[in-house]
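Below is the file my_file_10.csv, which contains CSV, C-alpha atoms and all ligand atoms.
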chain,number,residue,atom,x,y,z
A,12,MET,CA,22.6,7.5,-15.7
A,13,HIS,CA,22.4,4.7,-13.1
A,14,HIS,CA,19.7,4.7,-10.4
A,15,ARG,CA,20.8,3.1,-7.2
A,16,VAL,CA,17.8,1.3,-5.7
A,17,THR,CA,17.6,-0.9,-2.6
A,18,LEU,CA,16.0,-4.2,-3.5
A,19,ILE,CA,14.2,-6.2,-0.8
A,20,PRO,CA,13.3,-9.7,-2.1
A,21,GLY,CA,11.0,-10.4,0.9
A,22,ASP,CA,9.4,-13.7,2.0
A,23,GLY,CA,7.1,-16.3,0.5
A,24,ILE,CA,6.3,-15.4,-3.2
A,25,GLY,CA,8.5,-12.3,-2.7
A,26,PRO,CA,11.7,-13.4,-4.3
A,27,GLU,CA,9.8,-14.7,-7.4
A,28,VAL,CA,7.8,-11.5,-8.0
A,29,ALA,CA,10.8,-9.4,-7.2
A,30,GLN,CA,13.0,-11.1,-9.8
A,31,ALA,CA,10.3,-10.9,-12.4
A,32,THR,CA,10.0,-7.2,-11.7
A,33,GLN,CA,13.7,-6.6,-11.8
A,34,ARG,CA,13.9,-8.2,-15.2
A,35,VAL,CA,11.1,-6.1,-16.8
A,36,LEU,CA,12.5,-2.9,-15.3
A,37,GLU,CA,15.9,-3.7,-16.8
A,38,ALA,CA,14.3,-4.4,-20.2
A,39,THR,CA,13.1,-0.8,-20.4
A,40,GLY,CA,16.8,0.2,-20.8
A,41,VAL,CA,16.9,2.2,-17.6
A,42,GLN,CA,20.2,1.5,-15.8
A,43,PHE,CA,19.9,0.2,-12.2
A,44,GLN,CA,22.4,-0.6,-9.6
A,45,TRP,CA,20.6,-2.9,-7.2
A,46,ASP,CA,21.6,-2.9,-3.6
A,47,THR,CA,20.0,-6.1,-2.1
A,48,ALA,CA,18.9,-5.8,1.5
A,49,ILE,CA,17.4,-8.6,3.6
A,50,ILE,CA,14.4,-7.8,5.8
A,51,GLY,CA,11.9,-10.1,7.4
A,52,ASP,CA,12.0,-13.9,8.1
A,53,GLN,CA,15.4,-14.4,6.4
A,54,ALA,CA,16.9,-11.5,8.3
A,55,GLN,CA,15.7,-12.9,11.6
A,56,HIS,CA,17.7,-16.1,10.8
A,57,THR,CA,20.8,-14.3,9.5
A,58,PHE,CA,21.0,-11.2,11.7
A,59,GLY,CA,18.8,-12.0,14.7
A,60,THR,CA,16.4,-9.2,13.8
A,61,THR,CA,13.7,-8.8,11.2
A,62,LEU,CA,14.8,-5.2,10.4
A,63,PRO,CA,18.6,-5.0,10.4
A,64,GLN,CA,20.2,-1.6,10.6
A,65,SER,CA,22.2,-2.3,7.4
A,66,ALA,CA,18.9,-2.5,5.4
A,67,LEU,CA,17.7,0.8,6.9
A,68,ASP,CA,21.0,2.4,6.0
A,69,SER,CA,20.8,1.1,2.5
A,70,ILE,CA,17.3,2.7,2.0
A,71,LYS,CA,18.4,6.0,3.6
A,72,ARG,CA,21.4,6.1,1.4
A,73,ASN,CA,19.6,5.3,-1.9
A,74,LYS,CA,16.4,7.1,-1.0
A,75,VAL,CA,14.4,4.6,-3.2
A,76,ALA,CA,13.6,0.9,-2.5
A,77,LEU,CA,11.6,-1.7,-4.3
A,78,LYS,CA,10.2,-4.2,-1.8
A,79,ALA,CA,8.5,-7.5,-2.1
A,80,PRO,CA,6.0,-8.6,0.6
A,81,LEU,CA,7.1,-9.9,4.0
A,82,THR,CA,5.5,-12.5,6.3
A,83,THR,CA,4.2,-11.3,9.6
A,84,PRO,CA,3.4,-14.1,12.1
A,85,ILE,CA,0.1,-13.5,13.9
A,86,GLY,CA,-0.2,-13.1,17.7
A,87,SER,CA,3.4,-14.0,18.6
A,88,GLY,CA,4.4,-10.7,20.1
A,89,PHE,CA,6.2,-10.0,16.8
A,90,ARG,CA,4.9,-6.7,15.5
A,91,SER,CA,4.8,-6.1,11.7
A,92,VAL,CA,8.1,-5.3,10.2
A,93,ASN,CA,6.3,-3.4,7.4
A,94,VAL,CA,4.8,-1.1,10.0
A,95,ALA,CA,8.2,-0.7,11.7
A,96,LEU,CA,9.8,0.1,8.3
A,97,ARG,CA,7.2,2.8,7.5
A,98,GLN,CA,7.4,4.3,10.9
A,99,THR,CA,11.2,4.3,11.2
A,100,LEU,CA,11.7,6.0,7.8
A,101,ASP,CA,8.7,8.2,8.3
A,102,LEU,CA,7.2,7.0,5.0
A,103,TYR,CA,3.9,8.7,6.0
A,104,ALA,CA,1.9,8.4,2.8
A,105,CYS,CA,0.8,5.1,1.4
A,106,LEU,CA,-0.2,5.7,-2.2
A,107,ARG,CA,-2.2,3.1,-4.0
A,108,PRO,CA,-3.7,3.7,-7.5
A,109,TYR,CA,-6.5,1.3,-8.5
A,110,LYS,CA,-7.5,1.3,-12.1
A,111,VAL,CA,-9.1,-1.4,-14.3
A,112,TYR,CA,-7.0,-2.5,-17.3
A,113,PRO,CA,-9.0,-3.5,-20.3
A,114,GLY,CA,-9.4,-7.3,-20.5
A,115,VAL,CA,-9.4,-7.9,-16.7
A,116,GLN,CA,-11.8,-10.7,-16.1
A,117,HIS,CA,-12.7,-10.4,-12.5
A,118,ALA,CA,-13.3,-6.6,-12.3
A,119,PRO,CA,-17.0,-6.0,-11.5
A,120,TYR,CA,-16.8,-2.5,-13.2
A,121,LYS,CA,-14.8,-1.5,-16.2
A,122,ASP,CA,-14.3,2.1,-15.3
A,123,ALA,CA,-13.3,2.2,-11.7
A,124,ASP,CA,-10.3,4.5,-11.3
A,125,ILE,CA,-9.5,5.4,-7.6
A,126,VAL,CA,-6.4,6.5,-5.8
A,127,VAL,CA,-6.1,5.6,-2.1
A,128,VAL,CA,-3.9,7.8,0.1
A,129,ARG,CA,-3.5,6.1,3.4
A,130,GLU,CA,-1.8,7.6,6.5
A,131,ASN,CA,1.0,5.3,7.4
A,132,THR,CA,2.4,6.2,10.8
A,133,GLU,CA,-0.3,6.2,13.5
A,134,ASP,CA,-3.9,5.3,14.3
A,135,LEU,CA,-4.5,1.8,15.6
A,136,TYR,CA,-1.1,0.8,14.1
A,137,SER,CA,0.8,3.2,16.3
A,138,GLY,CA,2.1,0.0,18.0
A,139,ILE,CA,1.0,1.1,21.5
A,140,GLU,CA,-0.8,-1.9,23.0
A,141,PHE,CA,-1.4,-3.2,26.5
A,142,ALA,CA,-1.5,-7.0,27.0
A,143,LYS,CA,-4.3,-8.7,29.1
A,144,ASP,CA,-3.2,-9.2,32.7
A,145,SER,CA,-0.1,-6.9,32.3
A,146,PRO,CA,0.7,-4.4,35.1
A,147,GLU,CA,0.7,-1.7,32.4
A,148,ALA,CA,-2.9,-2.6,31.4
A,149,ALA,CA,-3.9,-2.6,35.0
A,150,GLN,CA,-2.5,0.9,35.4
A,151,LEU,CA,-4.2,2.1,32.3
A,152,LEU,CA,-7.6,0.7,33.4
A,153,GLU,CA,-7.2,2.4,36.7
A,154,PHE,CA,-6.3,5.7,35.0
A,155,VAL,CA,-9.4,5.4,32.7
A,156,PHE,CA,-11.6,4.7,35.7
A,157,SER,CA,-10.2,7.6,37.8
A,158,THR,CA,-10.5,10.1,34.9
A,159,THR,CA,-13.7,9.0,33.2
A,160,GLY,CA,-15.6,6.9,35.7
A,161,GLU,CA,-15.7,4.1,33.0
A,162,ARG,CA,-14.8,0.6,34.1
A,163,ILE,CA,-13.0,-1.4,31.4
A,164,LYS,CA,-13.4,-5.1,32.0
A,165,GLU,CA,-10.3,-6.4,33.9
A,166,ASP,CA,-9.6,-9.2,31.4
A,167,SER,CA,-9.1,-6.7,28.6
A,168,ALA,CA,-6.3,-6.0,26.2
A,169,VAL,CA,-6.1,-2.5,24.8
A,170,SER,CA,-4.7,-1.0,21.6
A,171,LEU,CA,-4.5,2.8,21.3
A,172,LYS,CA,-6.0,4.6,18.3
A,173,VAL,CA,-3.8,7.7,17.9
A,174,ILE,CA,-4.7,10.5,15.5
A,175,SER,CA,-2.6,13.7,15.5
A,176,GLN,CA,-3.4,17.0,13.9
A,177,ALA,CA,0.1,17.2,12.4
A,178,ALA,CA,-0.1,13.7,10.7
A,179,SER,CA,-3.6,14.4,9.5
A,180,ARG,CA,-2.6,17.7,8.0
A,181,ARG,CA,0.4,16.1,6.4
A,182,ILE,CA,-1.5,13.3,4.7
A,183,VAL,CA,-4.4,15.4,3.6
A,184,THR,CA,-2.0,17.9,2.1
A,185,PHE,CA,-0.2,15.0,0.3
A,186,ALA,CA,-3.6,13.9,-1.1
A,187,PHE,CA,-4.5,17.3,-2.4
A,188,GLU,CA,-1.0,17.9,-3.9
A,189,TYR,CA,-1.1,14.5,-5.6
A,190,ALA,CA,-4.6,15.2,-7.0
A,191,ARG,CA,-3.5,18.6,-8.3
A,192,GLN,CA,-0.3,17.2,-10.0
A,193,ASN,CA,-2.1,14.2,-11.5
A,194,ASN,CA,-5.2,16.0,-12.9
A,195,ARG,CA,-7.6,14.6,-10.4
A,196,ARG,CA,-10.7,16.6,-9.6
A,197,LYS,CA,-12.0,15.4,-6.2
A,198,VAL,CA,-10.6,14.4,-2.8
A,199,THR,CA,-12.8,12.5,-0.3
A,200,ALA,CA,-11.8,12.3,3.4
A,201,VAL,CA,-12.9,9.0,5.0
A,202,HIS,CA,-13.7,8.8,8.7
A,203,LYS,CA,-16.0,7.7,11.5
A,204,ALA,CA,-16.3,11.1,13.1
A,205,ASN,CA,-19.9,10.6,14.1
A,206,ILE,CA,-18.8,8.0,16.7
A,207,LEU,CA,-15.1,8.7,17.2
A,208,LYS,CA,-15.6,12.3,17.9
A,209,TYR,CA,-12.1,13.2,19.1
A,210,SER,CA,-9.8,11.1,17.0
A,211,ASP,CA,-11.7,10.9,13.7
A,212,GLY,CA,-13.3,14.2,14.5
A,213,LEU,CA,-9.8,15.8,14.5
A,214,PHE,CA,-8.9,14.1,11.2
A,215,LEU,CA,-12.1,15.4,9.6
A,216,ASP,CA,-11.7,19.0,11.0
A,217,THR,CA,-8.1,19.1,9.8
A,218,ALA,CA,-9.1,17.7,6.3
A,219,ARG,CA,-11.7,20.5,6.0
A,220,GLN,CA,-9.1,23.1,7.0
A,221,VAL,CA,-6.6,21.8,4.4
A,222,ALA,CA,-9.3,21.7,1.7
A,223,GLU,CA,-9.8,25.4,2.1
A,224,GLY,CA,-6.3,25.9,0.6
A,225,TYR,CA,-7.3,24.1,-2.6
A,226,PRO,CA,-10.4,25.9,-3.9
A,227,ASP,CA,-9.7,24.5,-7.4
A,228,MET,CA,-10.4,21.0,-6.1
A,229,GLU,CA,-13.7,19.4,-5.0
A,230,PHE,CA,-13.7,18.1,-1.4
A,231,THR,CA,-16.2,15.7,0.2
A,232,ASP,CA,-16.2,13.5,3.2
A,233,ILE,CA,-17.9,10.1,4.0
A,234,VAL,CA,-18.1,7.7,6.9
A,235,VAL,CA,-16.2,4.6,6.3
A,236,ASP,CA,-19.1,2.1,6.4
A,237,ALA,CA,-21.1,4.2,3.9
A,238,LEU,CA,-18.0,4.3,1.7
A,239,CYS,CA,-17.8,0.4,1.7
A,240,MET,CA,-21.4,0.2,0.3
A,241,GLN,CA,-20.8,3.0,-2.2
A,242,LEU,CA,-17.6,1.5,-3.4
A,243,VAL,CA,-19.3,-1.8,-4.2
A,244,ARG,CA,-22.4,-0.1,-5.8
A,245,SER,CA,-20.8,2.8,-7.7
A,246,PRO,CA,-17.1,3.2,-7.5
A,247,GLN,CA,-17.0,5.7,-10.4
A,248,GLN,CA,-18.1,8.5,-8.1
A,249,PHE,CA,-14.8,8.4,-6.2
A,250,ASP,CA,-11.5,9.9,-7.3
A,251,VAL,CA,-8.8,10.4,-4.6
A,252,LEU,CA,-9.7,8.9,-1.1
A,253,VAL,CA,-7.7,10.0,1.9
A,254,LEU,CA,-7.9,7.8,5.0
A,255,PRO,CA,-6.4,7.3,8.5
A,256,ASN,CA,-4.2,4.2,8.6
A,257,PHE,CA,-6.7,1.5,9.8
A,258,TYR,CA,-9.5,2.2,7.4
A,259,GLY,CA,-6.9,2.6,4.6
A,260,ASP,CA,-5.8,-1.0,5.2
A,261,PHE,CA,-9.1,-2.7,4.4
A,262,ILE,CA,-10.4,-0.1,1.9
A,263,SER,CA,-7.2,-0.8,-0.1
A,264,ASP,CA,-8.1,-4.5,-0.3
A,265,LEU,CA,-11.7,-3.6,-1.2
A,266,CYS,CA,-10.4,-1.5,-4.1
A,267,ALA,CA,-8.0,-4.3,-5.2
A,268,GLY,CA,-11.1,-6.4,-5.5
A,269,LEU,CA,-12.7,-3.7,-7.7
A,270,VAL,CA,-9.8,-3.8,-10.2
A,271,GLY,CA,-9.4,-7.6,-10.5
A,272,GLY,CA,-7.6,-8.8,-7.4
A,273,LEU,CA,-4.4,-8.4,-5.4
A,274,GLY,CA,-2.3,-9.5,-8.3
A,275,LEU,CA,-3.0,-6.1,-9.9
A,276,ALA,CA,-2.7,-3.7,-7.0
A,277,PRO,CA,0.5,-1.7,-6.8
A,278,GLY,CA,1.6,0.7,-4.1
A,279,ALA,CA,4.2,3.1,-2.7
A,280,ASN,CA,5.1,4.3,0.8
A,281,ILE,CA,6.4,7.9,0.5
A,282,GLY,CA,8.1,10.2,2.8
A,283,ASP,CA,9.5,13.7,2.3
A,284,ASN,CA,12.7,12.6,0.5
A,285,MET,CA,12.4,8.8,0.4
A,286,ALA,CA,10.1,6.1,-1.1
A,287,VAL,CA,9.6,2.4,-0.9
A,288,PHE,CA,7.6,0.8,-3.7
A,289,GLU,CA,5.7,-2.4,-3.0
A,290,PRO,CA,2.6,-4.4,-4.0
A,291,THR,CA,-0.5,-4.3,-1.8
A,292,HIS,CA,-0.6,-8.1,-1.5
A,293,GLY,CA,1.2,-10.2,1.1
A,294,SER,CA,3.7,-13.1,0.8
A,295,ALA,CA,1.0,-15.7,-0.1
A,296,PRO,CA,3.1,-18.5,1.6
A,297,LYS,CA,1.1,-21.3,0.0
A,298,TYR,CA,2.4,-20.3,-3.4
A,299,ALA,CA,6.0,-19.8,-2.4
A,300,GLY,CA,8.5,-21.3,-4.8
A,301,LYS,CA,5.8,-22.6,-7.1
A,302,ASN,CA,6.2,-20.0,-10.0
A,303,LYS,CA,2.5,-19.3,-9.6
A,304,ALA,CA,2.0,-15.8,-8.2
A,305,ASN,CA,1.1,-12.9,-10.4
A,306,PRO,CA,4.1,-10.5,-10.5
A,307,MET,CA,2.0,-7.6,-12.1
A,308,ALA,CA,1.2,-5.8,-8.8
A,309,MET,CA,5.0,-5.6,-8.1
A,310,MET,CA,5.7,-4.7,-11.8
A,311,LEU,CA,3.1,-1.9,-11.6
A,312,SER,CA,4.8,-0.8,-8.3
A,313,GLY,CA,8.0,-0.7,-10.5
A,314,VAL,CA,6.1,1.6,-12.9
A,315,MET,CA,5.3,4.0,-10.1
A,316,MET,CA,9.0,3.8,-9.1
A,317,LEU,CA,10.1,4.8,-12.6
A,318,ARG,CA,7.8,7.8,-12.5
A,319,TYR,CA,9.2,8.8,-9.1
A,320,LEU,CA,12.7,8.5,-10.5
A,321,GLY,CA,11.7,10.8,-13.4
A,322,GLU,CA,11.8,8.0,-16.0
A,323,ARG,CA,8.4,8.9,-17.4
A,324,ASP,CA,8.8,7.4,-20.9
A,325,SER,CA,10.1,4.1,-19.6
A,326,ALA,CA,7.2,4.0,-17.0
A,327,ASP,CA,4.7,4.6,-19.8
A,328,LYS,CA,6.4,1.9,-22.0
A,329,LEU,CA,6.4,-0.7,-19.2
A,330,GLU,CA,2.8,0.1,-18.1
A,331,LYS,CA,1.7,-0.3,-21.8
A,332,ALA,CA,3.5,-3.6,-22.1
A,333,ILE,CA,1.8,-5.0,-18.9
A,334,ALA,CA,-1.6,-3.7,-20.2
A,335,GLU,CA,-1.1,-5.4,-23.5
A,336,VAL,CA,-0.3,-8.8,-21.8
A,337,ILE,CA,-3.4,-8.4,-19.7
A,338,ALA,CA,-5.6,-7.5,-22.7
A,339,GLU,CA,-4.4,-10.5,-24.7
A,340,GLY,CA,-5.2,-12.7,-21.7
A,341,LYS,CA,-2.9,-15.5,-22.9
A,342,ASP,CA,0.3,-15.1,-20.8
A,343,VAL,CA,-1.3,-14.4,-17.5
A,344,THR,CA,-1.3,-16.2,-14.2
A,345,TYR,CA,-4.2,-18.2,-12.8
A,346,ASP,CA,-5.9,-15.3,-11.0
A,347,LEU,CA,-6.4,-13.4,-14.3
A,348,LYS,CA,-8.0,-16.4,-16.1
A,349,PRO,CA,-11.8,-16.6,-16.3
A,350,ASP,CA,-11.5,-19.9,-14.4
A,351,PRO,CA,-8.6,-19.9,-11.9
A,352,ALA,CA,-8.3,-23.7,-12.5
A,353,ASP,CA,-7.6,-23.0,-16.3
A,354,SER,CA,-4.6,-25.1,-17.3
A,355,THR,CA,-3.4,-22.5,-19.8
A,356,ALA,CA,-2.4,-20.2,-16.9
A,357,VAL,CA,1.3,-19.4,-17.0
A,358,GLY,CA,3.8,-18.9,-14.2
A,359,THR,CA,5.4,-15.9,-12.7
A,360,SER,CA,8.5,-16.0,-14.9
A,361,GLN,CA,6.5,-16.5,-18.1
A,362,VAL,CA,4.6,-13.3,-17.4
A,363,ALA,CA,7.9,-11.5,-17.2
A,364,ASP,CA,9.0,-13.1,-20.5
A,365,ALA,CA,5.8,-11.9,-22.2
A,366,VAL,CA,6.1,-8.3,-20.7
A,367,ILE,CA,9.7,-8.1,-21.8
A,368,GLU,CA,8.8,-9.1,-25.4
A,369,LYS,CA,6.2,-6.3,-25.5
A,370,VAL,CA,8.7,-3.8,-24.0
A,371,LYS,CA,11.3,-4.7,-26.6
A,372,ARG,CA,8.7,-4.3,-29.5
A,373,GLY,CA,7.8,-0.9,-28.0
A,401,LIG,P1,-1.8,-12.4,0.8
A,401,LIG,O1,-2.0,-11.2,0.1
A,401,LIG,O2,-0.4,-12.9,1.0
A,401,LIG,O3,-2.6,-13.6,0.1
A,401,LIG,C1,-4.0,-13.7,0.1
A,401,LIG,C2,-4.4,-14.5,-1.1
A,401,LIG,O4,-4.4,-13.6,-2.2
A,401,LIG,C3,-3.4,-15.6,-1.5
A,401,LIG,O5,-3.7,-16.8,-0.9
A,401,LIG,C4,-3.6,-15.7,-3.0
A,401,LIG,O6,-4.8,-16.5,-3.2
A,401,LIG,C5,-3.9,-14.3,-3.3
A,401,LIG,N1,-2.7,-13.5,-3.8
A,401,LIG,C6,-2.0,-12.6,-3.1
A,401,LIG,N2,-1.0,-12.2,-3.9
A,401,LIG,C7,-1.1,-12.8,-5.1
A,401,LIG,C8,-0.4,-12.7,-6.3
A,401,LIG,N3,0.7,-11.9,-6.4
A,401,LIG,N4,-0.8,-13.5,-7.3
A,401,LIG,C9,-1.8,-14.3,-7.2
A,401,LIG,N5,-2.6,-14.4,-6.1
A,401,LIG,C10,-2.2,-13.7,-5.0
A,401,LIG,O7,-2.4,-12.2,2.3
A,401,LIG,P2,-2.4,-13.1,3.6
A,401,LIG,O8,-2.5,-14.5,3.2
A,401,LIG,O9,-3.4,-12.5,4.5
A,401,LIG,O10,-0.9,-12.8,4.2
A,401,LIG,C11,0.2,-13.6,4.0
A,401,LIG,C12,1.4,-13.0,4.7
A,401,LIG,O11,1.7,-11.7,4.1
A,401,LIG,C13,1.0,-12.6,6.2
A,401,LIG,O12,2.2,-12.9,7.0
A,401,LIG,C14,0.8,-11.1,6.1
A,401,LIG,O13,1.1,-10.5,7.3
A,401,LIG,C15,1.8,-10.7,5.1
A,401,LIG,N6,1.5,-9.4,4.4
A,401,LIG,C16,2.5,-8.7,4.0
A,401,LIG,C17,2.3,-7.5,3.3
A,401,LIG,C18,3.5,-6.7,2.9
A,401,LIG,O14,4.6,-7.1,3.1
A,401,LIG,N7,3.4,-5.5,2.4
A,401,LIG,C19,1.0,-7.1,3.0
A,401,LIG,C20,-0.1,-7.9,3.3
A,401,LIG,C21,0.2,-9.1,4.0

Starting from the file, lay out its structure as structure tokens.
Amino acid sequence: MHHRVTLIPGDGIGPEVAQATQRVLEATGVQFQWDTAIIGDQAQHTFGTTLPQSALDSIKRNKVALKAPLTTPIGSGFRSVNVALRQTLDLYACLRPYKVYPGVQHAPYKDADIVVVRENTEDLYSGIEFAKDSPEAAQLLEFVFSTTGERIKEDSAVSLKVISQAASRRIVTFAFEYARQNNRRKVTAVHKANILKYSDGLFLDTARQVAEGYPDMEFTDIVVDALCMQLVRSPQQFDVLVLPNFYGDFISDLCAGLVGGLGLAPGANIGDNMAVFEPTHGSAPKYAGKNKANPMAMMLSGVMMLRYLGERDSADKLEKAIAEVIAEGKDVTYDLKPDPADSTAVGTSQVADAVIEKVKRG
């Protein structure tokens, strides 16, 4: 059986890690029909938009996409195409498993095993912002003063933090369902409800209500700053974390640090009947075209995609092959060497060669 999958090669190191991943996925024997779609910088040049309708149509048609990272210019008025993609397709759950593979040099703990479930559609990334000196910002400031008596400084820019009950319920339910289906024992809701009484307070209240429907599962909650300290000191106490969008963004990178770096951190953006698989890392422009980036985060995202497609045996085979290459420590990129300047580090395509050899040996 063929799986039709939309392939988004992305920007920067994207095309290199995407090609390496395509090769190892094909080596498992699973048949793919790749439907390449251009999003991001290159699409801006070709189609005059970073998110062409043809790419969205391809993902909607195939229901599954494998995506490399995209570059987002800072402060140019250009809002993240990643955020737009997740919101447009309502890929509301960002799922990121972090576990330490044996042999990883830069993991401070050998037994961290955490799944981050991040809400993907709202919070500070709702995209509702008011620029300094704009008439809309002036109106908003006036509205705030007339309703609360609080004066926001005139030279302010404002971004809205939006937390809805429906989106909170949906993401917490996703976290509990994932935990139950994957033999996890505990779900922890992350928030700052002590300060943000209405927005994070709503998230926490909703999480508590949803938890009542899962009496077989342990439920706890923690404020986000305490979580940062606890993750650094004893990550073993955490299992599944469920977070609003903004906290999920930086806690994901913290967890990537716990498992050996961004080169080993896979992910997926999942909706009710569609999913886009992509690594946590960005397009690392300084390494673009240099055959230097670690493709394993994208390969492990490919493993998650195989599981989503029902190809469990092939997923296990590919994950085992990647784990063996990591454990041997020979055919790995610079970031997995004890000293990143180690001249024995190999390139992106050589990692793919080594993984393919292990897959073929089985
Ligand atoms: P980044 O993740 O691209 O890179 C940060 C650093 O991490 C790199 O300089 C490199 O040292 C290391 N790194 C990242 N990926 C690696 C890999 N596969 N192998 C080895 N080392 C790796 O983050 P950034 O520099 O903040 O962002 C660059 C661009 O990527 C920005 O435009 C940002 O908006 C975008 N971005 C995109 C996504 C996405 O498409 N999902 C995610 C994050 C950032």

Report as CSV the residues of chain A within 6 Å of ligand LIG 401 (chain A), each with its shortest atom pair and distance in Å (one decimal), using all atoms listed in the file, ordered by chain and increasing residue number.
residue,atom,partner,partner_atom,distance
A:Pro80,CA,A:LIG401,O14,3.2
A:Leu81,CA,A:LIG401,O14,3.9
A:Thr82,CA,A:LIG401,O12,3.4
A:Thr83,CA,A:LIG401,O12,3.6
A:Pro84,CA,A:LIG401,O12,5.4
A:Asn93,CA,A:LIG401,O14,5.9
A:Leu273,CA,A:LIG401,N2,5.3
A:Gly274,CA,A:LIG401,C8,4.2
A:Thr291,CA,A:LIG401,C19,5.8
A:His292,CA,A:LIG401,O1,3.8
A:Gly293,CA,A:LIG401,O2,3.1
A:Ser294,CA,A:LIG401,O11,4.1
A:Ala295,CA,A:LIG401,O2,3.3
A:Ala304,CA,A:LIG401,N4,3.7
A:Asn305,CA,A:LIG401,N4,3.7
A:Pro306,CA,A:LIG401,N3,5.5
A:Asp346,CA,A:LIG401,C9,5.7

Best match for closeness to Arg107 in chain A among A:Asn280, A:Thr17, A:Asn302, A:Thr355, counting only C-alpha atoms:
A:Asn280

Is it possible to get the residues within 9 Å of (-15.3, 4.1, 1.6) (coordinates as in the file, counting only C-alpha atoms) written as a VMD selection string?
chain A and resid 199 201 to 202 233 to 242 249 252 254 258 262 265

Taking (-11.2, 9.0, -2.6) as a centre in this file's frame and 9 Å as the limit, can you find every polymer residue with an atom that close, using all atoms listed in the file, and give them as a list in words?
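Residues with an atom at most 9 Å from (-11.2, 9.0, -2.6): Ile125, Val126, Val127, Val128, Lys197, Val198, Thr199, Ala200, Val201, Thr231, Asp232, Gln248, Phe249, Asp250, Val251, Leu252, Val253 and Leu254 of chain A.
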
Please list as a PyMOL selection string every residue within 6 Å of Gly271 in chain A, counting all atoms listed in the file and excluding residues in the same chain fewer than 2 positions away.
chain A and resi 117-118+268-269

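Closest approach to Arg15 in chain A among A:Met309, A:Ile50, A:Ile367, A:Leu320: A:Leu320, based on only C-alpha atoms.
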
Which distance in Å separates CA of Val314 in chain A and CA of Gln64 in chain A, to one decimal?
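One can read the CA of Val314 in chain A to CA of Gln64 in chain A distance as 27.6 Å.
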
Record the distance separating CA of Asp134 in chain A and CA of Val173 in chain A, expressed in Å with one decimal.
4.3 Å

Near Glu133 in chain A, within 10 Å and counting all atoms listed in the file, which residues show up once chain neighbours fewer than 3 positions away are dropped, as a list in words?
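Here the qualifying residues turn out to be Val94, Gln98, Tyr103, Glu130, Tyr136, Ser137, Gly138, Ile139, Leu171, Lys172, Val173, Ile174, Ser175, Ala178, Ser179, Pro255, Asn256 and Phe257 of chain A.
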
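Taking all atoms listed in the file into account, Thr217 in chain A lies nearest to A:Gln176 out of the set A:Gln176, A:Gln247, A:Ser263, A:Asn194.
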
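Computed from the coordinates, the CA of Arg372 in chain A to CA of Thr39 in chain A distance equals 10.7 Å.
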
Test item: residues at most 8 Å from Asp46 in chain A, all atoms listed in the file, excluding those fewer than 2 positions along its chain, as a tab-separated table (two decimals) with C-alpha atoms, in the coordinates of the input:
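Below is the file around30.tsv, written as the result:
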chain	number	residue	atom	x	y	z
A	15	ARG	CA	20.80	3.10	-7.20
A	16	VAL	CA	17.80	1.30	-5.70
A	17	THR	CA	17.60	-0.90	-2.60
A	18	LEU	CA	16.00	-4.20	-3.50
A	44	GLN	CA	22.40	-0.60	-9.60
A	48	ALA	CA	18.90	-5.80	1.50
A	69	SER	CA	20.80	1.10	2.50

Would you mind listing what lies within 12 Å of Lys348 in chain A as a PyMOL selection string, with all atoms listed in the file counted and same-chain residues fewer than 2 positions away left out?
chain A and resi 114-118+271-272+274+305+337-346+350-357

Could you pull range 32-38 of chain A out of the structure just shown and give N, CA, C and O atoms as an mmCIF file, in the first residue's frame?
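The resulting decode27.cif:
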data_model
loop_
_atom_site.group_PDB
_atom_site.id
_atom_site.type_symbol
_atom_site.label_atom_id
_atom_site.label_comp_id
_atom_site.auth_asym_id
_atom_site.auth_seq_id
_atom_site.Cartn_x
_atom_site.Cartn_y
_atom_site.Cartn_z
ATOM 1 N N THR A 32 15.819 12.244 5.642
ATOM 2 C CA THR A 32 14.679 11.561 6.260
ATOM 3 C C THR A 32 13.878 10.751 5.243
ATOM 4 O O THR A 32 13.484 9.609 5.495
ATOM 5 N N GLN A 33 13.688 11.362 4.062
ATOM 6 C CA GLN A 33 12.996 10.638 2.984
ATOM 7 C C GLN A 33 13.727 9.330 2.686
ATOM 8 O O GLN A 33 13.104 8.276 2.551
ATOM 9 N N ARG A 34 15.044 9.395 2.632
ATOM 10 C CA ARG A 34 15.833 8.194 2.288
ATOM 11 C C ARG A 34 15.672 7.104 3.344
ATOM 12 O O ARG A 34 15.498 5.938 3.010
ATOM 13 N N VAL A 35 15.745 7.468 4.639
ATOM 14 C CA VAL A 35 15.647 6.414 5.664
ATOM 15 C C VAL A 35 14.220 5.853 5.739
ATOM 16 O O VAL A 35 14.032 4.664 5.991
ATOM 17 N N LEU A 36 13.224 6.714 5.490
ATOM 18 C CA LEU A 36 11.835 6.219 5.499
ATOM 19 C C LEU A 36 11.635 5.214 4.375
ATOM 20 O O LEU A 36 11.015 4.161 4.564
ATOM 21 N N GLU A 37 12.175 5.526 3.201
ATOM 22 C CA GLU A 37 12.019 4.614 2.061
ATOM 23 C C GLU A 37 12.769 3.307 2.304
ATOM 24 O O GLU A 37 12.329 2.241 1.864
ATOM 25 N N ALA A 38 13.880 3.377 3.056
ATOM 26 C CA ALA A 38 14.671 2.164 3.333
ATOM 27 C C ALA A 38 13.901 1.156 4.196
ATOM 28 O O ALA A 38 14.228 -0.025 4.213
#
